[in-house]
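Enquirer: There's a structure below that I have some questions on.
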2 protein chains.
Amino acid sequence: MRIPPGVKQQDFESAVSQWQKHVGEEWIFTSEADADLYRDAYTPFRKEEEEIVPAAAVAPDTVEQVQAIMRIANRYRIPIYPVSTGRNLGYGGSAPVLSGSVVLDLKRMNRILEVNERNAYAMVEPGVSYFDLYRYIQERGYRLWIDAPAPGWGSLIGNSLDHGAGYTANPHRDHFDAHCGMEVVLANGDLVRTGMGALPGAQTWQQFKYGYGPTVDGLFAQSNFGVVTKMGFWLYPEPEAYFDATVSVPRFNDVIPLVDILANLIYSGVLNSNTIMGSPMRYSTLTNPTINELFLNSDKPEAVRALNQYAATNKLPFWDNRLKFYGPEAVIKAQWEYAKQKFAQIPDVSFQDGKLLRFPLPQEQIDRLTDKENIGVPSLEAFRDGARSPANPTPNIGHLGFSPVIPMTGEAVIESQRVIARALVDLGATPAFNTLPNSYHTRDFVILIGFSIMDDVDINKKSREVFRRLIKLAAEHGWGEYRTHTAFMDDVADIYSFNNHALRRLHETLKDAIDPNGILSAGRYGIWPKHLRKT
Amino acid sequence: MRIPPGVKQQDFESAVSQWQKHVGEEWIFTSEADADLYRDAYTPFRKEEEEIVPAAAVAPDTVEQVQAIMRIANRYRIPIYPVSTGRNLGYGGSAPVLSGSVVLDLKRMNRILEVNERNAYAMVEPGVSYFDLYRYIQERGYRLWIDAPAPGWGSLIGNSLDHGAGYTANPHRDHFDAHCGMEVVLANGDLVRTGMGALPGAQTWQQFKYGYGPTVDGLFAQSNFGVVTKMGFWLYPEPEAYFDATVSVPRFNDVIPLVDILANLIYSGVLNSNTIMGSPMRYSTLTNPTINELFLNSDKPEAVRALNQYAATNKLPFWDNRLKFYGPEAVIKAQWEYAKQKFAQIPDVSFQDGKLLRFPLPQEQIDRLTDKENIGVPSLEAFRDGARSPANPTPNIGHLGFSPVIPMTGEAVIESQRVIARALVDLGATPAFNTLPNSYHTRDFVILIGFSIMDDVDINKKSREVFRRLIKLAAEHGWGEYRTHTAFMDDVADIYSFNNHALRRLHETLKDAIDPNGILSAGRYGIWPKHLRKT
């Protein structure tokens, strides 16, 4: 049995035996073999001593059990790390930030407490996955969509609390923004309901977000201030139709008006989903060193001229942008016509209609779709990308995503592409995924630079070093990450340093007040309890 | 000179003289005549001893001055009450909750720090009014709309922090939801920037809301945790057109499918603005006691039959609903066609097209509009409603709004109308305004029951008593207020009592941590500092 850091063996044994009384012996896991199941499958410290190892796990079934666990943990000051389903792969999975913490595994709490078709919301427990909720809705024939990330096996609550996003329409695809109302167990075991949930017998807990007085919900996302045991989510009434289409432009600098028009359409609500920027030319850099070199020098007019010439000769559009529309068929057709009219300001722009789907869609047609996430159907197809295949005989073991937020302008796209590509070359690194921006949130772009976790300590060490350099380099340009793997939480927190880290100091003040013994998720998102804080 | 409660005269004089050094003598107001200008023009305690009276006011011009004022106030434990422009009429205006507090008047801080047309946002100081920002945008010819409440003379920051709303399209009309990024001076004078603002040189402070780690922004709205000195707001790119229309249904129970279809259209994004429920029949209750009696008994089938018959005989639609559309003309026409098709499920429904406006609109046409707020033009026309006129020879002096949140269902509309109307009759009160629901927020209805403040102590006492009874009555039905006048902040906080007031206890824990001397806005939204807390 591993003992959590700073805890006496006797105290830990007392806590475990008290937990057993509340939760049942079979739901406390103290053997090393059991605890190891909670290690991070995608850890960048694979086969290294620094790898984070949980001491144990406890899996309650009810809110009352969570309260009891927290009260006992508080008494013995045992570090606790709640996970909803532990599927946060690429960001730490089910492993804590502080090695030796006890994982509070909430996956048994998987009740769908309510789905309201008329007012289009659900209230769920942390163990409810996107698959669970999808099936529940299908079985009852409700005309409601969920919005799932790719892959869809994780927890609605967990993904929302980590500021995850999906692929259908706003506001549903911003999973934290789409929540309405929470129930939270605090470190001391106290139970709080936020928003209208604070009113006993409230009729609008899942319908009105703010409630009365300050709104505390934001405190419980990307943090370590409480254990969320219930959350409401707004659902999307099944739209009449879905349509996607692509806009392509031929020249390097066309990305500037392309993004300006795109941004205007998004901010106007004419486009209400995420869009994906592509660059067939950018892909050429992977196979053609000359093109890559030109890209690295795209701040020089002669390089841009050569790139444009290459694109023209090879009949490659320089940039393209995939748009998605949801709604009544006549409305989305009018939206697409309007969008084309706006994009037509760019000389030589071209358009390609994609697919039109009308709902409800027959099951065999859903099964054939390779982008089910766009119509709110959870799947595990995302794992296909990295799977072993003739084209990919040595697939990676996991990955890390470096994901800075940049402005929604063509200039920022050009600059970030060049700066990051140049840095990767200088550091001798090759990113595994593309670096093209995605309108992941409503009004900015996120770039995702993927690093492969391999079965090779030196490669992983190198990746970690490059990752840390990129965090600082991006910060120098005013670009900060919106989320990160547990291994880099302090590094990213360090760059949010305005006024001598005033925001972190405020987070610490709040942490000390809400969790004075510092038992909850030490180190998560760079927030450490007083006794573990550096200086 | 009035002295704040719990402060020694000598200490207050020391603080004032230190403030003068930072802010300049002319910007500290300690005479009773000056301080009285900060009393609440709409106080329900008019001519009564309980009226809240500020001790003094201080009006800084810069963030550094705000920091210095707070540091000095902290040293002498002087109660401070920040207001942006003090225009929060009906909710307390510029008067504090705790009598004798010093008003921190931020109206001199009226800089528009940035308006970005391409990324459609503004960053402003607290003294910037809707009129200020509107003029700034017009002068520069930006194709951007603001979203103003009625009246539009108040502060963007103040209104947003009080969870105010406006009249254009989502998400802009929810003024707190439309914000992105804050700068806050804490009680100890420390300066915090939230979201991406915590990253020095951030490129996306006004474009990405969450930043990294817990989001604290919600703490500074409807609260007393800090002094907000800057906020970003998302703006709405000028749409191509505006269109409004009305849907009417003939029978009492038609409100149930009417609201179901309306809700579905809103949740689907086909309707992206607020809608206003009307009932020509409901207005008959004001002049016809028989109809009023029938309404009070609308839980009885025979009363409903009689009401339906009266409506049919008098050719009055029972309910109507005014819809608004914003966007490209072809899109909004398609949305309206789709909406009509859905509403046509209700037998005998009728539709009436309203006005179609195309933008930019010539100034003389804007001037003629009586509902300028619907196209983002601030005005003071709201004051016309209560003004002296032949029809209204004794206008009231002010008003209070009782505004509970109810579910977006026809059943809730029917029940809340009857329960509140019955209570008002039983209590011998007549509300000044109508009680019809408004989709003030995205997914619920708000009912506004207005009480007139008169130049008569007995009437005002009675109104306060009725107001307090309604708070409790509504709570018994699961309906809670989203906002209230300072006079009733404790009463409303009291009903949000789940688990022995767990949410208020959490707010108090946070208050004690962020403002340990309890100097900021004591009592605001029911949050009192430790030394003034009722056990």
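Starting from 1 in every chain, residues are counted up; chains themselves are A, B, ... following the order of the structure tokens, and ligands are numbered from 1 as listed.
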Excluding range 436-445 of chain B and residues on its chain fewer than 3 positions from it, collect all residues at most 8 Å away from it, counting only C-alpha atoms, and give them as a list in words.
Expert: Asn119, Thr204, Gln207 and Phe208 of chain A; Ala165, Asn170, Asp174, Ala263, Ile266, Tyr267, Asn274, Thr275, Ile276, Met277, Gly278, Ser279, Val405, Ile406, Pro407, Met408, Val413, Gln417 and Leu448 of chain B
Enquirer: Write a file of the just-selected residues containing C-alpha atoms, as a PDB file, in the first residue's frame.
Expert:
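Output saved as selection05.pdb:
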```
ATOM      1  CA  ASN A 119     -37.076  23.117 -22.058  1.00  0.00           C
ATOM      2  CA  THR A 204     -35.422  27.096 -13.089  1.00  0.00           C
ATOM      3  CA  GLN A 207     -32.874  27.342 -17.071  1.00  0.00           C
ATOM      4  CA  PHE A 208     -31.338  30.453 -15.522  1.00  0.00           C
TER       5      PHE A 208
ATOM      6  CA  ALA B 165     -30.064  43.068 -20.325  1.00  0.00           C
ATOM      7  CA  ASN B 170     -27.972  37.126 -28.355  1.00  0.00           C
ATOM      8  CA  ASP B 174     -27.203  39.659 -21.901  1.00  0.00           C
ATOM      9  CA  ALA B 263     -39.015  28.047 -26.588  1.00  0.00           C
ATOM     10  CA  ILE B 266     -35.226  30.225 -29.139  1.00  0.00           C
ATOM     11  CA  TYR B 267     -33.254  27.163 -28.045  1.00  0.00           C
ATOM     12  CA  ASN B 274     -35.967  38.547 -26.588  1.00  0.00           C
ATOM     13  CA  THR B 275     -39.676  38.260 -27.207  1.00  0.00           C
ATOM     14  CA  ILE B 276     -42.418  40.025 -25.360  1.00  0.00           C
ATOM     15  CA  MET B 277     -45.563  38.184 -24.289  1.00  0.00           C
ATOM     16  CA  GLY B 278     -48.681  40.254 -24.343  1.00  0.00           C
ATOM     17  CA  SER B 279     -52.292  39.618 -23.434  1.00  0.00           C
ATOM     18  CA  VAL B 405     -37.708  34.097 -12.822  1.00  0.00           C
ATOM     19  CA  ILE B 406     -40.211  31.455 -13.965  1.00  0.00           C
ATOM     20  CA  PRO B 407     -39.855  28.497 -16.349  1.00  0.00           C
ATOM     21  CA  MET B 408     -40.436  29.087 -20.057  1.00  0.00           C
ATOM     22  CA  VAL B 413     -47.180  31.736 -17.214  1.00  0.00           C
ATOM     23  CA  GLN B 417     -50.222  35.251 -13.347  1.00  0.00           C
ATOM     24  CA  LEU B 448     -41.859  42.390 -13.797  1.00  0.00           C
TER      25      LEU B 448
END
```
Enquirer: Residues of chain B within 6 Å of chain A, using only C-alpha atoms, as a PyMOL selection string?
Expert: chain B and resi 192+198-204+207+211-215+218-219+221-223+237+268+330-331+334+407+443-444+478+482+496-498+502-503+513+525
Enquirer: Work out how far apart CA of Ser84 in chain B and CA of Ile157 in chain B are and give it in Å to one decimal.
Expert: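 Going from CA of Ser84 in chain B over to CA of Ile157 in chain B covers 7.0 Å.
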Enquirer: Give me, as a ChimeraX atom specification, all polymer residues having an atom no more than 6 Å from Val228 in chain B, counting only C-alpha atoms and skipping those fewer than 2 positions away in the same chain.
Expert: /B:183-184,230
Enquirer: DSSP on the backbone: which residues in range 41-264 of chain A end up as helix (DSSP H, G or I)? Give the answer as a PyMOL selection string.
Expert: chain A and resi 63-76+130-140+156-161+195-198+217-220+252-264
Enquirer: Can you work out the spacing between CA of Ala68 in chain B and CA of Trp19 in chain B in Å, to one decimal?
Expert: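 Those two atoms sit 7.6 Å apart.
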Enquirer: Please identify all polymer residues within 7 Å of Leu156 in chain B, counting only C-alpha atoms, omitting same-chain residues fewer than 4 positions from it, and present them as a count of residues only.
Expert: 4
Enquirer: Excluding Tyr134 in chain B and residues on its chain fewer than 4 positions from it, collect all residues at most 8 Å away from it, counting only C-alpha atoms, and give them as a list in words.
Expert: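 Everything that qualifies: Tyr130, Gln138, Trp145, Ile146, Val377 and Pro378 of chain B.
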Enquirer: Restricted to C-alpha atoms, what would the selected residues look like written as a CSV table (one decimal), in the first residue's frame?
Expert:
```csv
chain,number,residue,atom,x,y,z
B,130,TYR,CA,-24.1,53.7,-23.6
B,138,GLN,CA,-20.9,56.7,-34.9
B,145,TRP,CA,-23.9,48.0,-32.8
B,146,ILE,CA,-24.0,48.3,-29.1
B,377,VAL,CA,-29.6,53.1,-30.2
B,378,PRO,CA,-29.6,54.4,-26.6
```
Enquirer: Do a neighbour search on Pro317 in chain A at 9 Å with only C-alpha atoms, toss out local chain neighbours closer than 6 positions, and write the hits as a PDB file with N, CA and C atoms, in the first residue's frame.
Expert:
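Output contents, as saved in out.pdb:
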```
ATOM      1  N   SER A 248     -12.488  28.425 -50.648  1.00  0.00           N
ATOM      2  CA  SER A 248     -11.046  28.339 -50.908  1.00  0.00           C
ATOM      3  C   SER A 248     -10.553  29.634 -51.545  1.00  0.00           C
ATOM      4  N   VAL A 249      -9.342  30.025 -51.162  1.00  0.00           N
ATOM      5  CA  VAL A 249      -8.730  31.224 -51.752  1.00  0.00           C
ATOM      6  C   VAL A 249      -7.325  30.867 -52.223  1.00  0.00           C
ATOM      7  N   PRO A 250      -6.848  31.518 -53.310  1.00  0.00           N
ATOM      8  CA  PRO A 250      -5.640  31.030 -53.970  1.00  0.00           C
ATOM      9  C   PRO A 250      -4.307  31.582 -53.450  1.00  0.00           C
ATOM     10  N   ARG A 251      -4.309  32.727 -52.784  1.00  0.00           N
ATOM     11  CA  ARG A 251      -3.033  33.367 -52.465  1.00  0.00           C
ATOM     12  C   ARG A 251      -2.772  33.450 -50.964  1.00  0.00           C
ATOM     13  N   SER A 279      -4.997  24.390 -45.114  1.00  0.00           N
ATOM     14  CA  SER A 279      -4.101  24.945 -46.109  1.00  0.00           C
ATOM     15  C   SER A 279      -3.451  23.792 -46.855  1.00  0.00           C
ATOM     16  N   PRO A 280      -4.010  23.459 -48.018  1.00  0.00           N
ATOM     17  CA  PRO A 280      -3.380  22.399 -48.814  1.00  0.00           C
ATOM     18  C   PRO A 280      -1.897  22.713 -49.046  1.00  0.00           C
ATOM     19  N   MET A 281      -1.559  23.983 -49.167  1.00  0.00           N
ATOM     20  CA  MET A 281      -0.157  24.384 -49.329  1.00  0.00           C
ATOM     21  C   MET A 281       0.665  24.081 -48.091  1.00  0.00           C
ATOM     22  N   ALA A 311       1.681  27.472 -55.628  1.00  0.00           N
ATOM     23  CA  ALA A 311       0.270  27.121 -55.457  1.00  0.00           C
ATOM     24  C   ALA A 311      -0.462  27.192 -56.794  1.00  0.00           C
ATOM     25  N   SER A 350     -13.220  30.440 -54.450  1.00  0.00           N
ATOM     26  CA  SER A 350     -14.095  29.392 -54.988  1.00  0.00           C
ATOM     27  C   SER A 350     -14.836  28.694 -53.851  1.00  0.00           C
TER      28      SER A 350
END
```
Enquirer: Determine, counting only C-alpha atoms, which protein, DNA and RNA residues have an atom within 7 Å of an atom of range 80-83 of chain A; residues of the same chain fewer than 5 positions away are not included. Present the result as a list in words.
Expert: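 Surrounding residues, per the criterion: Ser94, Pro96, Ser101, Val102, Val103, Leu104, Asp105, Leu106, Val227, Ile519, Leu520 and Ser521 of chain A.
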Enquirer: Check the DSSP output for the backbone and give back, as number ranges by chain, the residues of range 221-322 of chain A in strand (DSSP E).
Expert: A: 227-234, 236-237, 241-249, 276-278, 319-322
